[in-house]
file final.cif (mmCIF, C-alpha atoms and all ligand atoms)
data_coords
#
loop_
_atom_site.label_atom_id
_atom_site.label_comp_id
_atom_site.auth_asym_id
_atom_site.auth_seq_id
_atom_site.Cartn_x
_atom_site.Cartn_y
_atom_site.Cartn_z
CA MET A 14 -107.54 71.25 -28.80
CA ASP A 15 -110.45 71.80 -31.17
CA ALA A 16 -111.14 69.03 -33.64
CA SER A 17 -109.88 69.96 -37.10
CA CYS A 18 -112.41 67.75 -38.80
CA VAL A 19 -115.67 65.99 -38.02
CA VAL A 20 -117.15 62.92 -39.64
CA ARG A 21 -120.87 62.34 -39.34
CA ILE A 22 -122.45 59.01 -40.26
CA LEU A 23 -125.48 59.93 -42.38
CA GLY A 24 -126.38 56.36 -43.26
CA SER A 25 -124.93 53.19 -41.77
CA ALA A 26 -126.91 50.56 -43.70
CA ALA A 27 -126.05 48.87 -46.98
CA GLY A 28 -128.28 49.06 -50.08
CA GLY A 29 -131.94 48.66 -49.12
CA GLY A 30 -131.50 50.33 -45.72
CA TYR A 31 -132.76 48.85 -42.47
CA PRO A 32 -135.39 47.56 -42.44
CA GLN A 33 -135.58 46.94 -46.18
CA TRP A 34 -138.98 47.79 -47.66
CA ASN A 35 -139.84 44.25 -48.75
CA CYS A 36 -137.93 42.14 -46.25
CA ARG A 37 -139.02 40.01 -43.35
CA CYS A 38 -135.72 38.31 -42.64
CA PRO A 39 -135.22 37.69 -38.90
CA VAL A 40 -133.36 40.98 -38.40
CA CYS A 41 -135.80 43.12 -40.45
CA THR A 42 -138.72 41.51 -38.63
CA LEU A 43 -137.38 42.91 -35.34
CA ALA A 44 -137.55 46.42 -36.80
CA TRP A 45 -141.06 45.95 -38.24
CA ASP A 46 -142.14 44.70 -34.81
CA GLY A 47 -140.65 47.72 -33.03
CA ASP A 48 -138.20 45.62 -31.00
CA SER A 49 -136.04 47.84 -28.76
CA ARG A 50 -132.87 45.89 -29.60
CA VAL A 51 -132.66 47.47 -33.07
CA VAL A 52 -132.70 50.96 -34.61
CA ARG A 53 -133.57 51.95 -38.17
CA ARG A 54 -130.80 52.93 -40.51
CA THR A 55 -130.59 54.74 -43.84
CA GLN A 56 -128.30 53.82 -46.71
CA SER A 57 -124.55 54.26 -46.85
CA SER A 58 -123.09 57.77 -46.65
CA ILE A 59 -120.95 60.00 -44.45
CA ALA A 60 -120.48 63.77 -44.32
CA VAL A 61 -117.16 65.43 -43.54
CA SER A 62 -116.55 69.01 -42.43
CA GLY A 63 -113.57 71.10 -41.36
CA ARG A 64 -113.60 74.25 -39.23
CA LEU A 65 -115.38 76.40 -41.85
CA GLY A 66 -118.64 74.47 -41.74
CA GLU A 67 -118.84 73.42 -45.38
CA TRP A 68 -119.69 69.74 -45.83
CA ALA A 69 -118.49 67.15 -48.30
CA LEU A 70 -120.64 64.07 -48.64
CA VAL A 71 -118.86 60.81 -49.27
CA ASN A 72 -121.41 58.98 -51.42
CA ALA A 73 -124.95 60.15 -52.10
CA SER A 74 -127.45 57.53 -50.99
CA PRO A 75 -131.04 57.12 -52.18
CA ASP A 76 -131.97 58.32 -48.66
CA ILE A 77 -130.19 61.67 -49.09
CA ARG A 78 -133.29 63.78 -48.46
CA GLN A 79 -134.08 61.98 -45.21
CA GLN A 80 -130.45 62.30 -44.19
CA LEU A 81 -130.42 66.06 -44.75
CA LEU A 82 -133.67 66.39 -42.77
CA ASP A 83 -132.12 64.38 -39.92
CA ASN A 84 -128.89 66.40 -39.76
CA PRO A 85 -129.44 70.15 -39.05
CA PRO A 86 -125.78 71.18 -39.68
CA LEU A 87 -126.31 70.16 -43.32
CA GLN A 88 -129.43 72.29 -43.85
CA PRO A 89 -129.75 75.71 -45.63
CA ARG A 90 -128.82 78.71 -43.43
CA ARG A 91 -129.36 81.94 -45.33
CA GLY A 92 -130.84 83.55 -48.43
CA GLN A 93 -133.18 81.97 -50.94
CA ARG A 94 -130.98 79.14 -52.09
CA ASP A 95 -128.34 77.77 -49.77
CA SER A 96 -126.65 74.60 -48.64
CA PRO A 97 -123.48 73.95 -46.69
CA VAL A 98 -123.12 70.82 -48.85
CA THR A 99 -120.76 71.85 -51.63
CA ALA A 100 -119.01 68.62 -52.60
CA VAL A 101 -119.73 64.93 -53.14
CA VAL A 102 -116.98 62.32 -53.25
CA LEU A 103 -117.84 58.87 -54.65
CA THR A 104 -116.25 55.54 -53.67
CA ASN A 105 -117.88 53.60 -56.52
CA ALA A 106 -120.91 53.79 -58.81
CA ASP A 107 -123.13 51.40 -56.83
CA ILE A 108 -126.79 52.38 -56.71
CA ASP A 109 -126.71 52.97 -52.95
CA HIS A 110 -123.81 55.41 -53.44
CA VAL A 111 -124.89 57.41 -56.50
CA ALA A 112 -128.70 57.37 -56.73
CA GLY A 113 -128.84 60.23 -54.20
CA LEU A 114 -127.10 62.51 -56.71
CA LEU A 115 -130.49 62.76 -58.40
CA GLY A 116 -131.87 64.17 -55.14
CA LEU A 117 -129.30 67.01 -55.31
CA ARG A 118 -130.31 68.28 -58.74
CA GLU A 119 -132.12 71.53 -57.82
CA ARG A 120 -129.69 73.95 -59.43
CA TRP A 121 -127.10 74.00 -56.67
CA PRO A 122 -123.42 74.25 -57.52
CA LEU A 123 -121.61 71.14 -56.38
CA ARG A 124 -118.26 69.64 -57.09
CA LEU A 125 -118.30 65.93 -57.76
CA PHE A 126 -115.03 64.09 -57.06
CA ALA A 127 -114.42 60.53 -58.27
CA THR A 128 -112.00 58.35 -60.18
CA ARG A 129 -112.12 58.23 -63.96
CA ALA A 130 -113.76 54.77 -63.82
CA VAL A 131 -116.60 56.04 -61.61
CA LEU A 132 -117.11 59.24 -63.62
CA MET A 133 -117.25 57.17 -66.82
CA ALA A 134 -119.91 54.91 -65.30
CA LEU A 135 -122.00 58.00 -64.47
CA ALA A 136 -121.43 59.55 -67.89
CA ALA A 137 -122.61 56.33 -69.55
CA ASN A 138 -125.95 56.65 -67.77
CA PRO A 139 -127.97 59.52 -69.27
CA ILE A 140 -130.15 60.03 -66.20
CA PHE A 141 -127.18 61.75 -64.49
CA ARG A 142 -127.35 64.51 -67.12
CA ALA A 143 -130.01 65.86 -64.76
CA LEU A 144 -127.01 67.20 -62.85
CA ASP A 145 -126.19 70.07 -65.19
CA GLU A 146 -122.44 70.01 -65.83
CA THR A 147 -122.27 73.79 -65.80
CA LEU A 148 -123.35 73.67 -62.13
CA VAL A 149 -122.13 70.26 -61.02
CA GLU A 150 -118.50 70.15 -61.93
CA ARG A 151 -117.02 66.67 -62.39
CA ARG A 152 -113.48 66.43 -61.07
CA GLU A 153 -111.44 63.38 -61.93
CA ILE A 154 -109.25 62.29 -59.03
CA ALA A 155 -106.21 60.08 -59.51
CA LEU A 156 -105.49 57.40 -56.93
CA GLY A 157 -103.04 58.54 -54.27
CA VAL A 158 -103.18 62.23 -55.16
CA PRO A 159 -104.43 64.53 -52.36
CA PHE A 160 -107.36 66.87 -53.04
CA HIS A 161 -109.53 69.24 -51.03
CA PRO A 162 -113.27 68.64 -51.58
CA VAL A 163 -113.92 71.55 -49.21
CA THR A 164 -111.22 74.09 -48.38
CA ASP A 165 -110.22 72.77 -45.00
CA VAL A 166 -110.51 69.01 -45.54
CA GLU A 167 -107.91 66.92 -47.32
CA MET A 168 -108.73 63.57 -48.91
CA GLU A 169 -106.99 60.90 -50.91
CA LEU A 170 -108.55 57.96 -52.78
CA PHE A 171 -106.92 54.55 -52.69
CA PRO A 172 -107.84 51.33 -54.51
CA VAL A 173 -109.54 48.46 -52.70
CA PRO A 174 -110.50 45.09 -54.16
CA GLY A 175 -114.00 45.26 -55.59
CA LYS A 176 -116.14 44.76 -58.66
CA ALA A 177 -118.11 46.71 -61.24
CA PRO A 178 -121.46 48.09 -60.03
CA LEU A 179 -124.33 45.57 -60.13
CA TRP A 180 -126.06 47.47 -62.95
CA ASP A 181 -122.86 47.43 -65.04
CA GLU A 182 -121.50 43.96 -64.27
CA GLY A 183 -121.59 42.29 -67.69
CA ASP A 184 -121.36 38.51 -68.05
CA GLU A 185 -118.14 37.79 -66.25
CA VAL A 186 -117.78 39.16 -62.73
CA ARG A 187 -114.46 39.66 -61.03
CA THR A 188 -114.34 40.86 -57.45
CA ASP A 189 -110.58 41.38 -57.20
CA ILE A 190 -110.37 44.40 -59.49
CA GLU A 191 -108.25 47.25 -58.10
CA ASP A 192 -108.55 49.72 -60.97
CA GLY A 193 -110.35 52.60 -59.26
CA ARG A 194 -113.88 51.28 -59.72
CA THR A 195 -114.01 50.81 -55.94
CA VAL A 196 -111.93 53.02 -53.69
CA GLY A 197 -111.49 53.87 -50.05
CA VAL A 198 -111.10 57.44 -48.81
CA ALA A 199 -108.37 58.73 -46.51
CA LEU A 200 -109.45 62.02 -44.95
CA ARG A 201 -108.24 64.60 -42.45
CA GLY A 202 -108.55 68.22 -41.49
CA ALA A 203 -106.26 70.33 -43.67
CA GLY A 204 -102.87 70.86 -42.09
CA ASP A 205 -101.57 67.94 -40.18
CA GLY A 206 -104.66 66.45 -38.54
CA ALA A 207 -105.02 62.74 -37.85
CA TRP A 208 -106.07 60.54 -40.76
CA ALA A 209 -109.34 58.61 -40.85
CA HIS A 210 -110.21 55.99 -43.45
CA TYR A 211 -113.62 55.20 -44.95
CA VAL A 212 -114.01 51.89 -46.81
CA PRO A 213 -117.71 51.09 -47.26
CA GLY A 214 -117.14 48.39 -49.87
CA CYS A 215 -114.22 45.96 -49.94
CA ALA A 216 -114.00 42.41 -51.30
CA ALA A 217 -110.81 41.37 -49.49
CA VAL A 218 -108.31 42.69 -46.95
CA THR A 219 -104.99 42.35 -48.76
CA ASP A 220 -101.65 42.79 -46.97
CA ALA A 221 -101.22 46.11 -48.75
CA LEU A 222 -104.59 47.34 -47.53
CA ARG A 223 -103.90 46.20 -43.98
CA ARG A 224 -100.58 48.06 -44.00
CA ARG A 225 -102.30 51.20 -45.27
CA LEU A 226 -105.00 51.13 -42.60
CA ALA A 227 -102.86 50.10 -39.61
CA GLY A 228 -102.34 53.12 -37.39
CA THR A 229 -105.32 55.13 -38.63
CA ALA A 230 -107.10 57.25 -36.02
CA LEU A 231 -110.50 56.04 -37.25
CA LEU A 232 -111.42 53.19 -39.56
CA MET A 233 -114.96 52.94 -40.94
CA PHE A 234 -115.10 49.61 -42.72
CA ASP A 235 -117.43 47.45 -44.80
CA GLY A 236 -119.66 45.45 -42.44
CA THR A 237 -122.18 44.33 -45.08
CA LEU A 238 -122.59 40.70 -44.02
CA TYR A 239 -121.57 38.92 -40.86
CA ALA A 240 -121.26 35.55 -42.64
CA ASP A 241 -120.27 35.13 -46.29
CA ASP A 242 -123.24 32.78 -46.96
CA GLU A 243 -125.75 34.79 -44.87
CA MET A 244 -128.04 35.73 -47.79
CA ILE A 245 -128.10 32.17 -49.12
CA ARG A 246 -128.70 30.60 -45.71
CA LEU A 247 -131.61 32.92 -44.99
CA GLY A 248 -133.12 32.29 -48.42
CA LEU A 249 -132.77 35.99 -49.33
CA GLY A 250 -130.70 35.62 -52.46
CA PRO A 251 -128.27 33.43 -54.40
CA LYS A 252 -125.07 35.40 -53.80
CA THR A 253 -122.27 35.16 -51.26
CA GLY A 254 -120.86 38.35 -49.80
CA ARG A 255 -117.69 37.77 -51.76
CA ARG A 256 -119.68 37.62 -55.01
CA MET A 257 -121.27 40.96 -54.08
CA GLY A 258 -117.82 42.48 -53.53
CA HIS A 259 -117.98 42.47 -49.72
CA ILE A 260 -115.71 40.57 -47.35
CA ALA A 261 -117.66 39.07 -44.43
CA VAL A 262 -117.09 40.29 -40.87
CA GLY A 263 -116.87 36.88 -39.16
CA GLY A 264 -114.98 33.70 -39.91
CA SER A 265 -111.29 32.94 -40.17
CA ASP A 266 -111.04 34.92 -43.43
CA GLY A 267 -113.33 37.77 -42.34
CA SER A 268 -112.45 41.40 -41.60
CA LEU A 269 -112.62 40.95 -37.83
CA ALA A 270 -109.78 38.42 -38.01
CA ALA A 271 -107.94 40.39 -40.69
CA PHE A 272 -107.67 43.51 -38.52
CA ALA A 273 -107.03 41.73 -35.21
CA GLY A 274 -103.73 42.98 -33.88
CA CYS A 275 -103.72 46.11 -36.08
CA ALA A 276 -103.14 49.29 -34.07
CA ILE A 277 -106.30 51.18 -34.95
CA ALA A 278 -107.53 53.72 -32.39
CA ARG A 279 -111.24 53.67 -33.29
CA LYS A 280 -112.97 51.30 -35.67
CA ALA A 281 -116.58 51.09 -36.73
CA TYR A 282 -118.49 48.84 -39.07
CA VAL A 283 -120.54 50.72 -41.68
CA HIS A 284 -122.57 49.71 -44.77
CA ILE A 285 -124.36 47.00 -42.79
CA ASN A 286 -126.89 44.84 -44.60
CA ASN A 287 -130.34 44.40 -43.08
CA SER A 288 -129.73 40.64 -42.69
CA ASN A 289 -126.67 41.18 -40.48
CA PRO A 290 -127.08 40.14 -36.81
CA LEU A 291 -124.62 42.93 -35.86
CA LEU A 292 -127.68 45.18 -36.05
CA VAL A 293 -129.17 43.53 -32.96
CA PHE A 294 -127.98 44.79 -29.55
CA GLY A 295 -126.84 41.86 -27.45
CA SER A 296 -126.60 39.33 -30.30
CA PRO A 297 -123.60 36.98 -30.01
CA GLU A 298 -122.14 38.46 -33.19
CA ARG A 299 -122.55 42.04 -31.88
CA CYS A 300 -120.92 41.07 -28.57
CA GLU A 301 -118.03 39.44 -30.43
CA VAL A 302 -117.15 42.53 -32.49
CA GLU A 303 -117.63 44.87 -29.51
CA ALA A 304 -115.29 42.70 -27.43
CA ALA A 305 -112.73 43.18 -30.22
CA GLY A 306 -113.09 46.97 -29.90
CA TRP A 307 -115.38 47.64 -32.88
CA LEU A 308 -118.36 49.97 -32.88
CA VAL A 309 -121.39 49.19 -34.99
CA ALA A 310 -122.12 52.53 -36.66
CA GLU A 311 -125.52 54.17 -36.31
CA ASP A 312 -127.01 57.04 -38.28
CA GLY A 313 -126.13 60.35 -36.64
CA MET A 314 -122.92 59.15 -34.97
CA GLU A 315 -120.21 61.80 -35.09
CA PHE A 316 -116.45 61.41 -34.80
CA SER A 317 -113.96 64.22 -34.20
CA LEU A 318 -110.43 64.06 -35.55
ZN ZN B 1 -133.98 41.90 -44.04
#
call {"tool": "encode", "arguments": {"input": "final.cif", "output": "structure tokens", "more": "lines below"}}
Ligand SMILES: [Zn+2]
result
Amino acid sequence: MDASCVVRILGSAAGGGYPQWNCRCPVCTLAWDGDSRVVRRTQSSIAVSGRLGEWALVNASPDIRQQLLDNPPLQPRRGQRDSPVTAVVLTNADIDHVAGLLGLRERWPLRLFATRAVLMALAANPIFRALDETLVERREIALGVPFHPVTDVEMELFPVPGKAPLWDEGDEVRTDIEDGRTVGVALRGAGDGAWAHYVPGCAAVTDALRRRLAGTALLMFDGTLYADDEMIRLGLGPKTGRRMGHIAVGGSDGSLAAFAGCAIARKAYVHINNSNPLLVFGSPERCEVEAAGWLVAEDGMEFSL
């Protein structure tokens, strides 16, 4: 049977990419040194296509141009102006998920799908007026209501615990908000294809979220940090993963433990920070998640549904 839908990982790293331009943490240093145990990664995004060959991006990363250069199916095919990319779906208004919209501003009609909270965050930032509203149509999507970003792909947005974007945090930061500022995406080929779920940012795995994701054919989940205190321990920054809105992978309250025992056919960590030892082939942390059946996503990986 032909796949009814393909998912391509355009960027598997968190904000900053891998290696990060100004970082010499132990994991980035391997990349700068050309160590064969690591591969470079661009910032967080996937592309989804059905049988007709149109693509919807889920999130537009600051590396969008590089990602389009690296992925021939997403390049122009005919005429003077062309792109098979006709839709962008946003999971939040974080810089690594929306800055790439500015790279898509060359008078190409796009449809932009997001929750009201995310569209309001964009509207409050005048730089996004560069995406002319007469060409780039904003479509507000309610949680739990199916929509078709491209004709033959069905998606649904669902709330996940998260926080306001870093640039819009204000004085008091809560990371347990489930009001549509951070969402996951359920997606499948139109018709009755198998569901996949994409959750690049998630502060906690609640029982409700675990019930929703159990049984999915493909889970792509937030793998930002391996350890909650990784950034602090390495002297890279003052924040825990939790404070940044990302549940850690490891530990008794991490995502690896949270999904143990869930019937999930394929599961891959995405949105991986450059400090995360999962990026290193053969590291103990990498071996641990692989033994539990997880893939560590790489740019260019493709999944058929
Ligand atoms: Zn680093």
call {"tool": "residues_near_ligand", "arguments": {"input": "final.cif", "ligand": "ligand ZN 1 (chain B)", "cutoff": "6 Å", "atoms": "all atoms listed in the file", "output": "count of residues only"}}
result
8
call {"tool": "residues_around", "arguments": {"input": "final.cif", "residues": "region 167-172 of chain A", "least_positions_apart": "5", "cutoff": "7 Å", "atoms": "all atoms listed in the file", "output": "mmCIF file with C-alpha atoms, in the frame of the given file"}}
result
data_model
loop_
_atom_site.group_PDB
_atom_site.id
_atom_site.type_symbol
_atom_site.label_atom_id
_atom_site.label_comp_id
_atom_site.auth_asym_id
_atom_site.auth_seq_id
_atom_site.Cartn_x
_atom_site.Cartn_y
_atom_site.Cartn_z
ATOM 1 C CA LEU A 156 -105.490 57.400 -56.930
ATOM 2 C CA GLY A 157 -103.040 58.540 -54.270
ATOM 3 C CA VAL A 158 -103.180 62.230 -55.160
ATOM 4 C CA PRO A 159 -104.430 64.530 -52.360
ATOM 5 C CA PHE A 160 -107.360 66.870 -53.040
ATOM 6 C CA HIS A 161 -109.530 69.240 -51.030
ATOM 7 C CA GLU A 191 -108.250 47.250 -58.100
ATOM 8 C CA ASP A 192 -108.550 49.720 -60.970
ATOM 9 C CA GLY A 193 -110.350 52.600 -59.260
ATOM 10 C CA THR A 195 -114.010 50.810 -55.940
ATOM 11 C CA VAL A 196 -111.930 53.020 -53.690
ATOM 12 C CA GLY A 197 -111.490 53.870 -50.050
ATOM 13 C CA VAL A 198 -111.100 57.440 -48.810
ATOM 14 C CA ALA A 199 -108.370 58.730 -46.510
ATOM 15 C CA LEU A 200 -109.450 62.020 -44.950
ATOM 16 C CA ARG A 201 -108.240 64.600 -42.450
ATOM 17 C CA GLY A 202 -108.550 68.220 -41.490
ATOM 18 C CA ALA A 203 -106.260 70.330 -43.670
#
call {"tool": "closest_residue", "arguments": {"input": "final.cif", "among": "A:Asp95, A:Asp46, A:Asp312, A:Asp165", "to": "Ser17 (chain A)", "atoms": "all atoms listed in the file"}}
result
A:Asp165
call {"tool": "closest_residue", "arguments": {"input": "final.cif", "among": "A:Val98, A:Leu238, A:Leu269, A:Ala305", "to": "Ala26 (chain A)", "atoms": "only C-alpha atoms"}}
result
A:Leu238
call {"tool": "residues_near_point", "arguments": {"input": "final.cif", "point": "(-112.2, 60.2, -31.8)", "cutoff": "9 Å", "atoms": "all atoms listed in the file", "output": "PyMOL selection string"}}
result
chain A and resi 230-231+278-279+315-318
call {"tool": "closest_residue", "arguments": {"input": "final.cif", "among": "A:Val212, A:Cys18, A:Ile108, A:Ala227", "to": "Ala273 (chain A)", "atoms": "only C-alpha atoms"}}
result
A:Ala227
call {"tool": "atom_distance", "arguments": {"input": "final.cif", "atom1": "CA of Leu232 (chain A)", "atom2": "CA of Thr99 (chain A)"}}
result
24.1 Å
